[in-house]
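Asks: Take a look at this one; I'll ask things after.
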Amino acid sequence: MTAAAAGEVAAARPDTDLHIAVLNGHREAFFDAGHAQQLVEQWNSVYAGTIDRDRAEGHPEAADRLAGRVESCAQEHWCRHGLGGMTAVWTRAPRFQTQHARSASFTGFARRRELQSSGPYVRSVWEFQSWFTTQAVRRRIEFRPRGVLEVGAYGVDQQAVETAFADAVAHVLGSPNTDDHLDPAGVLKVLRGLAEGDVRRYTAFEASVHTDVRAAIACGLVEEQDQLRLNAEGRAFAELHALAALPDPRRAAWEELPELTEAVTELGDRHAAAAQPR
């Protein structure tokens with residue numbers, strides 16, 4: 001809802017309490033009690049089996065938390081403490097639908113291995129949830145710590161979801177794939193981190209770690225066995241270019257260090273050679 005629309009409704013009913021649908025700790029605010037109640041009834045219908053099972057297995061606190069309910073809240077309190085303020089207050093019931101989904105997770109860098117995979121499943125989704133979509137399919141690939149990738153596809157068209165999921169899996173298992181590229185400074189940070197026993201020491205983002213480690217492996221400087229480590233060429237490279245003596249890359253931009261010109265050139269040559277057909 002737009003800020004203008006919320007303002008108009010609030011101005012027309014400035015003393016009216018809001019109606020809050022509380023859903024497993026999540027809160028959605030409504031001007032109309034009927035809309036809040038409709039959402040809660042949908043929620044409780046979807047999760048009825050889980051709520052009943054929790055109670056039967058002796059977990060009443062979990063069941064009570066999952067069960068939806070409607071509470072009242074003063075507009076002033078929601079303005080100060082509610083997520084999104086008055087612009088987040090609904091003037092209608094959120095859309096609800098079921099969607100098809102697939103997911104899997106993989107571990108490893110150059111050699112990726114499946115950790116787990118779901119079969120096709122259907123889930124219930126509301127408009128306020130981040131994975132709500134009316135599209136035939138949406139695909140996601142997310143990088144997680146310790147070399148884990150999560151792959152998924154979801155949408156309203158089952159066949160489109162299956163096709164997108166298969167494409168995503170093929171993509172992350174491909175070596176090389178279209179995400180692979182050489183960021184020399186990133187690879188150098190990976191090399192120094194591995195030399196010091198922590199590949200992530202100088203890299204803040206998981207996607208960068210995955211890409212830079214794959215590039216370091218392609219350059220023939222890192223090996224992936226039970227754990228990542230510099231191979232003999234990697235140790236020689238780090239010593240030749242005195243990576244340990246350079247300023248901490250968290251405080252100095254290695255992209256701009258003239259001392260690394262030769263190292264960057266060598267990485268470029270190595271990466272280009274690895275990309276040649278064999």
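By order of appearance in the structure tokens: chains A, B, ..., then residues from 1 within every chain, and ligands from 1 in the order shown.
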Using DSSP assignments from the backbone, pull out every residue in stretch 14-258 of chain A that falls under strand (DSSP E) and give it to me as a compact mmCIF listing (two decimals) with all heavy atoms, in the first residue's frame.
Replies:
# COMPACT_ATOMS: atom_id res chain seq x y z
N LEU A 18 -5.52 -0.86 15.25
CA LEU A 18 -5.19 -1.77 14.15
C LEU A 18 -5.42 -3.21 14.61
O LEU A 18 -5.44 -3.51 15.81
CB LEU A 18 -3.74 -1.59 13.73
CG LEU A 18 -3.35 -0.19 13.23
CD1 LEU A 18 -1.86 -0.14 12.94
CD2 LEU A 18 -4.14 0.19 12.00
N HIS A 19 -5.54 -4.10 13.64
CA HIS A 19 -5.74 -5.52 13.92
C HIS A 19 -4.51 -6.26 13.41
O HIS A 19 -4.18 -6.19 12.22
CB HIS A 19 -7.02 -6.02 13.25
CG HIS A 19 -8.20 -5.17 13.60
ND1 HIS A 19 -8.91 -5.31 14.77
CD2 HIS A 19 -8.77 -4.12 12.94
CE1 HIS A 19 -9.88 -4.42 14.81
NE2 HIS A 19 -9.82 -3.69 13.72
N ILE A 20 -3.82 -6.93 14.30
CA ILE A 20 -2.53 -7.55 13.99
C ILE A 20 -2.68 -9.06 13.90
O ILE A 20 -3.09 -9.72 14.86
CB ILE A 20 -1.47 -7.21 15.06
CG1 ILE A 20 -1.48 -5.71 15.38
CG2 ILE A 20 -0.09 -7.68 14.60
CD1 ILE A 20 -1.18 -4.82 14.19
N ALA A 21 -2.37 -9.59 12.73
CA ALA A 21 -2.30 -11.04 12.57
C ALA A 21 -0.91 -11.49 13.01
O ALA A 21 0.10 -11.06 12.44
CB ALA A 21 -2.55 -11.43 11.12
N VAL A 22 -0.87 -12.32 14.05
CA VAL A 22 0.40 -12.82 14.59
C VAL A 22 0.57 -14.25 14.11
O VAL A 22 -0.23 -15.13 14.44
CB VAL A 22 0.41 -12.76 16.13
CG1 VAL A 22 1.76 -13.21 16.67
CG2 VAL A 22 0.09 -11.35 16.61
N LEU A 23 1.63 -14.49 13.33
CA LEU A 23 1.83 -15.76 12.63
C LEU A 23 3.22 -16.29 12.93
O LEU A 23 4.21 -15.87 12.33
CB LEU A 23 1.65 -15.57 11.12
CG LEU A 23 0.43 -14.74 10.69
CD1 LEU A 23 0.56 -14.31 9.25
CD2 LEU A 23 -0.85 -15.55 10.92
N HIS A 26 5.69 -13.66 13.37
CA HIS A 26 5.61 -12.62 12.35
C HIS A 26 4.31 -11.85 12.53
O HIS A 26 3.28 -12.42 12.89
CB HIS A 26 5.67 -13.24 10.95
CG HIS A 26 5.59 -12.24 9.85
ND1 HIS A 26 6.66 -11.48 9.46
CD2 HIS A 26 4.54 -11.85 9.06
CE1 HIS A 26 6.30 -10.68 8.48
NE2 HIS A 26 5.02 -10.87 8.22
N ARG A 27 4.33 -10.53 12.25
CA ARG A 27 3.17 -9.68 12.49
C ARG A 27 2.81 -8.89 11.23
O ARG A 27 3.68 -8.25 10.62
CB ARG A 27 3.44 -8.72 13.65
CG ARG A 27 3.80 -9.44 14.95
CD ARG A 27 4.37 -8.49 15.99
NE ARG A 27 3.36 -7.63 16.56
CZ ARG A 27 2.56 -7.97 17.57
NH1 ARG A 27 2.68 -9.17 18.12
NH2 ARG A 27 1.67 -7.14 18.04
N GLU A 28 1.56 -8.95 10.85
CA GLU A 28 1.02 -8.16 9.75
C GLU A 28 -0.16 -7.33 10.28
O GLU A 28 -1.03 -7.87 10.95
CB GLU A 28 0.57 -9.05 8.59
CG GLU A 28 1.69 -9.76 7.86
CD GLU A 28 2.57 -8.83 7.06
OE1 GLU A 28 2.06 -7.78 6.59
OE2 GLU A 28 3.77 -9.15 6.89
N ALA A 29 -0.16 -6.03 9.95
CA ALA A 29 -1.17 -5.12 10.48
C ALA A 29 -2.26 -4.83 9.45
O ALA A 29 -1.98 -4.69 8.25
CB ALA A 29 -0.51 -3.82 10.92
N PHE A 30 -3.49 -4.69 9.94
CA PHE A 30 -4.66 -4.44 9.09
C PHE A 30 -5.53 -3.35 9.71
O PHE A 30 -5.65 -3.26 10.93
CB PHE A 30 -5.49 -5.71 8.92
CG PHE A 30 -4.78 -6.83 8.23
CD1 PHE A 30 -3.93 -7.67 8.94
CD2 PHE A 30 -4.95 -7.04 6.86
CE1 PHE A 30 -3.26 -8.71 8.30
CE2 PHE A 30 -4.29 -8.08 6.23
CZ PHE A 30 -3.44 -8.91 6.94
N ARG A 69 -3.16 -15.87 15.40
CA ARG A 69 -4.17 -15.21 16.23
C ARG A 69 -4.22 -13.73 15.84
O ARG A 69 -3.29 -13.21 15.19
CB ARG A 69 -3.86 -15.35 17.71
CG ARG A 69 -2.56 -14.65 18.13
CD ARG A 69 -2.21 -14.92 19.59
NE ARG A 69 -1.04 -14.17 20.04
CZ ARG A 69 0.21 -14.55 19.81
NH1 ARG A 69 0.46 -15.68 19.16
NH2 ARG A 69 1.22 -13.81 20.24
N VAL A 70 -5.30 -13.05 16.24
CA VAL A 70 -5.46 -11.62 15.96
C VAL A 70 -5.36 -10.85 17.26
O VAL A 70 -6.00 -11.21 18.26
CB VAL A 70 -6.81 -11.34 15.27
CG1 VAL A 70 -6.96 -9.83 15.03
CG2 VAL A 70 -6.90 -12.09 13.95
N GLU A 71 -4.54 -9.81 17.26
CA GLU A 71 -4.40 -8.92 18.42
C GLU A 71 -4.73 -7.50 17.99
O GLU A 71 -4.71 -7.18 16.80
CB GLU A 71 -2.97 -8.98 18.97
CG GLU A 71 -2.55 -10.34 19.48
CD GLU A 71 -1.11 -10.34 19.98
OE1 GLU A 71 -0.38 -9.34 19.72
OE2 GLU A 71 -0.70 -11.34 20.62
N SER A 72 -5.01 -6.64 18.97
CA SER A 72 -5.25 -5.22 18.71
C SER A 72 -3.99 -4.43 19.02
O SER A 72 -3.19 -4.81 19.88
CB SER A 72 -6.42 -4.71 19.55
OG SER A 72 -7.62 -5.33 19.17
N CYS A 73 -3.83 -3.31 18.33
CA CYS A 73 -2.66 -2.47 18.53
C CYS A 73 -3.03 -1.03 18.19
O CYS A 73 -3.62 -0.77 17.14
CB CYS A 73 -1.51 -2.94 17.64
SG CYS A 73 -0.02 -1.94 17.72
N PHE A 96 -3.02 -15.05 -1.61
CA PHE A 96 -2.56 -16.35 -1.14
C PHE A 96 -2.59 -17.32 -2.31
O PHE A 96 -3.50 -17.28 -3.15
CB PHE A 96 -3.51 -16.84 -0.03
CG PHE A 96 -3.32 -18.29 0.30
CD1 PHE A 96 -2.28 -18.71 1.10
CD2 PHE A 96 -4.22 -19.25 -0.18
CE1 PHE A 96 -2.12 -20.05 1.42
CE2 PHE A 96 -4.07 -20.60 0.14
CZ PHE A 96 -3.01 -20.99 0.94
N GLN A 97 -1.58 -18.17 -2.38
CA GLN A 97 -1.56 -19.16 -3.45
C GLN A 97 -0.65 -20.32 -3.06
O GLN A 97 0.12 -20.23 -2.09
CB GLN A 97 -1.04 -18.54 -4.76
CG GLN A 97 0.42 -18.13 -4.71
CD GLN A 97 0.89 -17.53 -6.03
OE1 GLN A 97 0.11 -16.98 -6.79
NE2 GLN A 97 2.18 -17.65 -6.30
N THR A 98 -0.74 -21.39 -3.81
CA THR A 98 0.22 -22.48 -3.67
C THR A 98 1.20 -22.38 -4.84
O THR A 98 0.86 -21.87 -5.91
CB THR A 98 -0.49 -23.85 -3.71
OG1 THR A 98 -1.25 -23.96 -4.92
CG2 THR A 98 -1.39 -24.02 -2.51
N GLN A 99 2.40 -22.81 -4.59
CA GLN A 99 3.41 -22.78 -5.65
C GLN A 99 4.23 -24.06 -5.62
O GLN A 99 4.34 -24.72 -4.58
CB GLN A 99 4.32 -21.55 -5.52
CG GLN A 99 5.19 -21.54 -4.29
CD GLN A 99 6.08 -20.31 -4.20
OE1 GLN A 99 7.15 -20.37 -3.61
NE2 GLN A 99 5.67 -19.20 -4.77
N HIS A 100 4.78 -24.38 -6.77
CA HIS A 100 5.65 -25.55 -6.90
C HIS A 100 7.09 -25.13 -6.58
O HIS A 100 7.49 -23.98 -6.83
CB HIS A 100 5.57 -26.10 -8.32
CG HIS A 100 4.17 -26.49 -8.71
ND1 HIS A 100 3.62 -27.71 -8.39
CD2 HIS A 100 3.20 -25.80 -9.39
CE1 HIS A 100 2.39 -27.77 -8.84
NE2 HIS A 100 2.11 -26.63 -9.45
N ALA A 101 7.87 -26.05 -6.03
CA ALA A 101 9.23 -25.71 -5.66
C ALA A 101 10.13 -26.93 -5.71
O ALA A 101 9.68 -28.08 -5.58
CB ALA A 101 9.26 -25.10 -4.25
N ARG A 102 11.43 -26.67 -5.93
CA ARG A 102 12.49 -27.67 -5.85
C ARG A 102 13.69 -27.00 -5.20
O ARG A 102 13.90 -25.80 -5.37
CB ARG A 102 12.91 -28.17 -7.24
CG ARG A 102 11.91 -29.06 -7.94
CD ARG A 102 11.75 -30.43 -7.30
NE ARG A 102 13.01 -31.14 -7.13
CZ ARG A 102 13.54 -31.96 -8.04
NH1 ARG A 102 12.92 -32.15 -9.21
NH2 ARG A 102 14.67 -32.59 -7.81
N SER A 103 14.49 -27.76 -4.48
CA SER A 103 15.69 -27.19 -3.87
C SER A 103 16.75 -28.28 -3.69
O SER A 103 16.44 -29.47 -3.61
CB SER A 103 15.38 -26.54 -2.52
OG SER A 103 14.91 -27.51 -1.60
N ALA A 104 18.00 -27.82 -3.64
CA ALA A 104 19.12 -28.73 -3.40
C ALA A 104 20.28 -27.91 -2.87
O ALA A 104 20.34 -26.68 -3.04
CB ALA A 104 19.53 -29.45 -4.69
N SER A 105 21.20 -28.57 -2.22
CA SER A 105 22.42 -27.90 -1.76
C SER A 105 23.63 -28.74 -2.17
O SER A 105 23.56 -29.97 -2.25
CB SER A 105 22.40 -27.68 -0.25
OG SER A 105 22.29 -28.91 0.45
N PHE A 106 24.72 -28.02 -2.44
CA PHE A 106 25.96 -28.64 -2.90
C PHE A 106 27.12 -28.10 -2.09
O PHE A 106 27.06 -27.00 -1.55
CB PHE A 106 26.19 -28.35 -4.39
CG PHE A 106 25.12 -28.88 -5.29
CD1 PHE A 106 23.95 -28.16 -5.51
CD2 PHE A 106 25.27 -30.11 -5.92
CE1 PHE A 106 22.95 -28.65 -6.33
CE2 PHE A 106 24.27 -30.61 -6.73
CZ PHE A 106 23.11 -29.88 -6.94
N THR A 107 28.17 -28.87 -2.01
CA THR A 107 29.38 -28.44 -1.33
C THR A 107 30.56 -28.59 -2.28
O THR A 107 30.52 -29.38 -3.22
CB THR A 107 29.63 -29.26 -0.05
OG1 THR A 107 30.73 -28.69 0.67
CG2 THR A 107 29.94 -30.71 -0.37
N ARG A 113 29.69 -31.34 -4.93
CA ARG A 113 29.00 -32.60 -4.62
C ARG A 113 27.67 -32.28 -3.94
O ARG A 113 27.59 -31.35 -3.12
CB ARG A 113 29.88 -33.46 -3.70
CG ARG A 113 31.24 -33.75 -4.29
CD ARG A 113 32.20 -34.36 -3.30
NE ARG A 113 32.51 -33.50 -2.18
CZ ARG A 113 33.37 -32.48 -2.23
NH1 ARG A 113 33.98 -32.18 -3.37
NH2 ARG A 113 33.61 -31.76 -1.16
N GLU A 114 26.67 -33.07 -4.25
CA GLU A 114 25.34 -32.82 -3.69
C GLU A 114 25.31 -33.20 -2.21
O GLU A 114 25.71 -34.29 -1.82
CB GLU A 114 24.31 -33.63 -4.46
CG GLU A 114 22.87 -33.36 -4.01
CD GLU A 114 21.87 -34.14 -4.83
OE1 GLU A 114 21.62 -33.76 -5.99
OE2 GLU A 114 21.34 -35.14 -4.29
N LEU A 115 24.80 -32.28 -1.38
CA LEU A 115 24.59 -32.56 0.02
C LEU A 115 23.20 -33.12 0.25
O LEU A 115 23.01 -34.12 0.94
CB LEU A 115 24.76 -31.28 0.86
CG LEU A 115 26.18 -30.78 1.09
CD1 LEU A 115 26.14 -29.45 1.85
CD2 LEU A 115 26.98 -31.80 1.88
N GLN A 116 22.20 -32.46 -0.30
CA GLN A 116 20.83 -32.93 -0.17
C GLN A 116 19.99 -32.32 -1.27
O GLN A 116 20.33 -31.28 -1.83
CB GLN A 116 20.25 -32.57 1.20
CG GLN A 116 20.20 -31.09 1.49
CD GLN A 116 19.68 -30.79 2.88
OE1 GLN A 116 19.58 -31.66 3.73
NE2 GLN A 116 19.33 -29.54 3.11
N SER A 117 18.88 -32.98 -1.57
CA SER A 117 17.99 -32.50 -2.63
C SER A 117 16.57 -32.90 -2.29
O SER A 117 16.34 -34.01 -1.78
CB SER A 117 18.40 -33.09 -3.98
OG SER A 117 17.54 -32.65 -5.01
N TYR A 121 7.82 -30.39 -4.60
CA TYR A 121 6.84 -30.20 -3.52
C TYR A 121 6.03 -28.94 -3.77
O TYR A 121 6.40 -28.09 -4.58
CB TYR A 121 7.51 -30.16 -2.14
CG TYR A 121 8.49 -29.03 -1.92
CD1 TYR A 121 8.09 -27.85 -1.28
CD2 TYR A 121 9.82 -29.14 -2.33
CE1 TYR A 121 8.99 -26.82 -1.05
CE2 TYR A 121 10.72 -28.11 -2.11
CZ TYR A 121 10.30 -26.96 -1.47
OH TYR A 121 11.20 -25.94 -1.26
N VAL A 122 4.91 -28.86 -3.08
CA VAL A 122 4.01 -27.71 -3.19
C VAL A 122 3.93 -27.04 -1.83
O VAL A 122 3.85 -27.72 -0.80
CB VAL A 122 2.60 -28.16 -3.64
CG1 VAL A 122 1.64 -26.97 -3.69
CG2 VAL A 122 2.67 -28.83 -5.01
N ARG A 123 3.99 -25.72 -1.82
CA ARG A 123 3.92 -24.99 -0.56
C ARG A 123 2.93 -23.83 -0.66
O ARG A 123 2.65 -23.35 -1.76
CB ARG A 123 5.29 -24.47 -0.14
CG ARG A 123 5.90 -23.48 -1.12
CD ARG A 123 7.33 -23.14 -0.73
NE ARG A 123 7.94 -22.20 -1.66
CZ ARG A 123 9.23 -21.86 -1.62
NH1 ARG A 123 10.03 -22.40 -0.72
NH2 ARG A 123 9.72 -21.00 -2.49
N SER A 124 2.44 -23.41 0.47
CA SER A 124 1.51 -22.29 0.54
C SER A 124 2.28 -21.00 0.78
O SER A 124 3.22 -20.99 1.60
CB SER A 124 0.50 -22.51 1.67
OG SER A 124 -0.24 -23.69 1.45
N VAL A 125 1.90 -19.94 0.09
CA VAL A 125 2.65 -18.69 0.15
C VAL A 125 1.67 -17.52 0.21
O VAL A 125 0.66 -17.52 -0.49
CB VAL A 125 3.58 -18.53 -1.07
CG1 VAL A 125 4.48 -17.32 -0.91
CG2 VAL A 125 4.40 -19.77 -1.30
N TRP A 126 2.04 -16.53 1.02
CA TRP A 126 1.25 -15.30 1.09
C TRP A 126 2.06 -14.14 0.51
O TRP A 126 3.28 -14.18 0.46
CB TRP A 126 0.87 -14.98 2.53
CG TRP A 126 -0.21 -15.86 3.06
CD1 TRP A 126 -1.56 -15.61 3.05
CD2 TRP A 126 -0.06 -17.13 3.69
NE1 TRP A 126 -2.24 -16.65 3.63
CE2 TRP A 126 -1.35 -17.61 4.02
CE3 TRP A 126 1.05 -17.94 3.98
CZ2 TRP A 126 -1.56 -18.82 4.65
CZ3 TRP A 126 0.83 -19.16 4.60
CH2 TRP A 126 -0.46 -19.59 4.93
N ARG A 138 10.81 -18.72 -10.78
CA ARG A 138 11.97 -17.91 -10.39
C ARG A 138 13.05 -18.87 -9.92
O ARG A 138 12.76 -19.89 -9.28
CB ARG A 138 11.61 -16.92 -9.28
CG ARG A 138 10.59 -15.88 -9.71
CD ARG A 138 10.29 -14.89 -8.60
NE ARG A 138 11.46 -14.08 -8.30
CZ ARG A 138 11.49 -13.13 -7.36
NH1 ARG A 138 10.42 -12.92 -6.61
NH2 ARG A 138 12.57 -12.42 -7.15
N ARG A 139 14.28 -18.54 -10.26
CA ARG A 139 15.41 -19.39 -9.91
C ARG A 139 16.31 -18.67 -8.93
O ARG A 139 16.46 -17.46 -8.98
CB ARG A 139 16.20 -19.73 -11.18
CG ARG A 139 17.24 -20.81 -11.00
CD ARG A 139 18.01 -21.03 -12.28
NE ARG A 139 19.12 -20.09 -12.42
CZ ARG A 139 20.12 -20.24 -13.28
NH1 ARG A 139 20.12 -21.26 -14.11
NH2 ARG A 139 21.10 -19.35 -13.36
N ARG A 140 16.93 -19.42 -8.01
CA ARG A 140 17.87 -18.79 -7.08
C ARG A 140 19.10 -19.68 -6.90
O ARG A 140 19.01 -20.92 -6.89
CB ARG A 140 17.21 -18.54 -5.72
CG ARG A 140 16.86 -19.78 -4.95
CD ARG A 140 16.27 -19.47 -3.58
NE ARG A 140 15.99 -20.70 -2.84
CZ ARG A 140 16.87 -21.32 -2.07
NH1 ARG A 140 18.10 -20.82 -1.94
NH2 ARG A 140 16.55 -22.43 -1.43
N ILE A 141 20.24 -19.05 -6.80
CA ILE A 141 21.48 -19.71 -6.43
C ILE A 141 22.12 -18.84 -5.37
O ILE A 141 22.42 -17.68 -5.60
CB ILE A 141 22.43 -19.87 -7.64
CG1 ILE A 141 21.79 -20.75 -8.71
CG2 ILE A 141 23.77 -20.46 -7.19
CD1 ILE A 141 22.62 -20.87 -9.98
N GLU A 142 22.28 -19.39 -4.17
CA GLU A 142 22.80 -18.61 -3.05
C GLU A 142 24.05 -19.27 -2.50
O GLU A 142 24.11 -20.48 -2.32
CB GLU A 142 21.74 -18.48 -1.95
CG GLU A 142 20.48 -17.73 -2.41
CD GLU A 142 19.46 -17.61 -1.31
OE1 GLU A 142 19.76 -18.01 -0.16
OE2 GLU A 142 18.35 -17.10 -1.60
N PHE A 143 25.06 -18.44 -2.23
CA PHE A 143 26.33 -18.91 -1.70
C PHE A 143 26.30 -18.86 -0.18
O PHE A 143 25.95 -17.84 0.41
CB PHE A 143 27.47 -18.05 -2.23
CG PHE A 143 27.61 -18.11 -3.73
CD1 PHE A 143 26.94 -17.20 -4.54
CD2 PHE A 143 28.39 -19.08 -4.33
CE1 PHE A 143 27.07 -17.25 -5.92
CE2 PHE A 143 28.52 -19.14 -5.70
CZ PHE A 143 27.86 -18.22 -6.50
N ARG A 144 26.68 -19.97 0.45
CA ARG A 144 26.68 -20.08 1.89
C ARG A 144 28.10 -20.37 2.39
O ARG A 144 28.98 -20.71 1.61
CB ARG A 144 25.74 -21.20 2.33
CG ARG A 144 24.29 -21.03 1.89
CD ARG A 144 23.68 -19.78 2.47
NE ARG A 144 22.25 -19.69 2.19
CZ ARG A 144 21.52 -18.61 2.43
NH1 ARG A 144 22.08 -17.55 2.96
NH2 ARG A 144 20.22 -18.60 2.15
N VAL A 148 29.31 -24.06 0.56
CA VAL A 148 27.98 -24.61 0.28
C VAL A 148 27.20 -23.67 -0.63
O VAL A 148 27.22 -22.46 -0.45
CB VAL A 148 27.19 -24.85 1.59
CG1 VAL A 148 25.76 -25.27 1.29
CG2 VAL A 148 27.90 -25.91 2.43
N LEU A 149 26.53 -24.24 -1.63
CA LEU A 149 25.63 -23.50 -2.49
C LEU A 149 24.23 -24.06 -2.32
O LEU A 149 24.04 -25.27 -2.26
CB LEU A 149 26.01 -23.62 -3.97
CG LEU A 149 27.26 -22.91 -4.46
CD1 LEU A 149 28.44 -23.84 -4.33
CD2 LEU A 149 27.08 -22.51 -5.90
N GLU A 150 23.26 -23.18 -2.26
CA GLU A 150 21.86 -23.59 -2.25
C GLU A 150 21.23 -23.21 -3.58
O GLU A 150 21.36 -22.08 -4.04
CB GLU A 150 21.11 -22.93 -1.09
CG GLU A 150 21.58 -23.41 0.27
CD GLU A 150 20.81 -22.77 1.41
OE1 GLU A 150 19.96 -21.89 1.13
OE2 GLU A 150 21.07 -23.14 2.57
N VAL A 151 20.57 -24.16 -4.19
CA VAL A 151 19.97 -23.98 -5.51
C VAL A 151 18.47 -24.23 -5.38
O VAL A 151 18.05 -25.17 -4.71
CB VAL A 151 20.58 -24.96 -6.53
CG1 VAL A 151 19.91 -24.83 -7.88
CG2 VAL A 151 22.08 -24.73 -6.64
N GLY A 152 17.68 -23.39 -6.01
CA GLY A 152 16.24 -23.61 -5.93
C GLY A 152 15.50 -23.00 -7.10
O GLY A 152 16.03 -22.15 -7.83
N ALA A 153 14.29 -23.47 -7.30
CA ALA A 153 13.39 -22.89 -8.29
C ALA A 153 11.98 -23.00 -7.73
O ALA A 153 11.64 -23.99 -7.06
CB ALA A 153 13.49 -23.63 -9.62
N TYR A 154 11.17 -21.98 -7.97
CA TYR A 154 9.80 -21.99 -7.47
C TYR A 154 8.93 -21.11 -8.36
O TYR A 154 9.41 -20.19 -9.01
CB TYR A 154 9.74 -21.52 -6.02
CG TYR A 154 10.30 -20.13 -5.79
CD1 TYR A 154 9.47 -19.01 -5.78
CD2 TYR A 154 11.66 -19.93 -5.56
CE1 TYR A 154 9.98 -17.74 -5.56
CE2 TYR A 154 12.18 -18.67 -5.35
CZ TYR A 154 11.34 -17.58 -5.35
OH TYR A 154 11.85 -16.32 -5.14
N GLY A 155 7.65 -21.41 -8.39
CA GLY A 155 6.73 -20.63 -9.21
C GLY A 155 5.40 -21.36 -9.37
O GLY A 155 5.16 -22.39 -8.74
N VAL A 222 45.95 -23.79 -5.97
CA VAL A 222 45.22 -24.31 -4.80
C VAL A 222 44.68 -25.69 -5.15
O VAL A 222 44.26 -25.93 -6.29
CB VAL A 222 44.06 -23.36 -4.41
CG1 VAL A 222 43.16 -24.00 -3.35
CG2 VAL A 222 44.62 -22.03 -3.91
N GLU A 223 44.68 -26.59 -4.17
CA GLU A 223 44.10 -27.90 -4.38
C GLU A 223 42.95 -28.11 -3.39
O GLU A 223 42.94 -27.54 -2.30
CB GLU A 223 45.15 -29.00 -4.23
CG GLU A 223 45.81 -29.06 -2.87
CD GLU A 223 46.95 -30.08 -2.85
OE1 GLU A 223 47.53 -30.36 -3.92
OE2 GLU A 223 47.24 -30.59 -1.75
N GLU A 224 42.01 -28.92 -3.81
CA GLU A 224 40.80 -29.17 -3.03
C GLU A 224 40.72 -30.66 -2.73
O GLU A 224 40.28 -31.44 -3.55
CB GLU A 224 39.57 -28.70 -3.81
CG GLU A 224 38.25 -28.87 -3.09
CD GLU A 224 37.07 -28.42 -3.95
OE1 GLU A 224 37.25 -28.27 -5.18
OE2 GLU A 224 35.99 -28.23 -3.39
N LEU A 228 40.66 -27.09 1.59
CA LEU A 228 41.42 -26.25 0.66
C LEU A 228 42.81 -26.00 1.21
O LEU A 228 42.99 -25.76 2.41
CB LEU A 228 40.71 -24.91 0.47
CG LEU A 228 39.40 -24.91 -0.30
CD1 LEU A 228 38.75 -23.54 -0.21
CD2 LEU A 228 39.63 -25.29 -1.76
N ARG A 229 43.80 -26.01 0.33
CA ARG A 229 45.15 -25.65 0.76
C ARG A 229 45.98 -25.24 -0.45
O ARG A 229 45.69 -25.64 -1.59
CB ARG A 229 45.82 -26.79 1.50
CG ARG A 229 45.88 -28.10 0.74
CD ARG A 229 46.66 -29.14 1.51
NE ARG A 229 46.57 -30.44 0.89
CZ ARG A 229 45.85 -31.44 1.37
NH1 ARG A 229 45.17 -31.28 2.49
NH2 ARG A 229 45.83 -32.61 0.76
N LEU A 230 47.00 -24.46 -0.20
CA LEU A 230 47.95 -24.12 -1.25
C LEU A 230 48.72 -25.37 -1.65
O LEU A 230 49.15 -26.15 -0.79
CB LEU A 230 48.94 -23.06 -0.77
CG LEU A 230 48.39 -21.68 -0.39
CD1 LEU A 230 49.51 -20.79 0.13
CD2 LEU A 230 47.71 -21.03 -1.57
Asks: Give me the residues near A:Val264 as a ChimeraX atom specification, where near means some atom within 12 Å (using only C-alpha atoms) and where sequence neighbours in that chain fewer than 6 positions away do not count.
Replies: /A:182-189,219,237,241,243,254-258,270-271
Asks: Find the residue from A:Asn24, A:Arg112, A:Cys79, A:Ala74 that sits nearest to A:Gln225; use only C-alpha atoms when measuring.
Replies: A:Arg112
Asks: Please identify the alpha helix (DSSP H) residues within stretch 25-169 of chain A (assignment by DSSP from backbone atoms) and present them as a VMD selection string.
Replies: chain A and resid 33 to 46 48 to 56 60 to 66 75 to 81 158 to 169
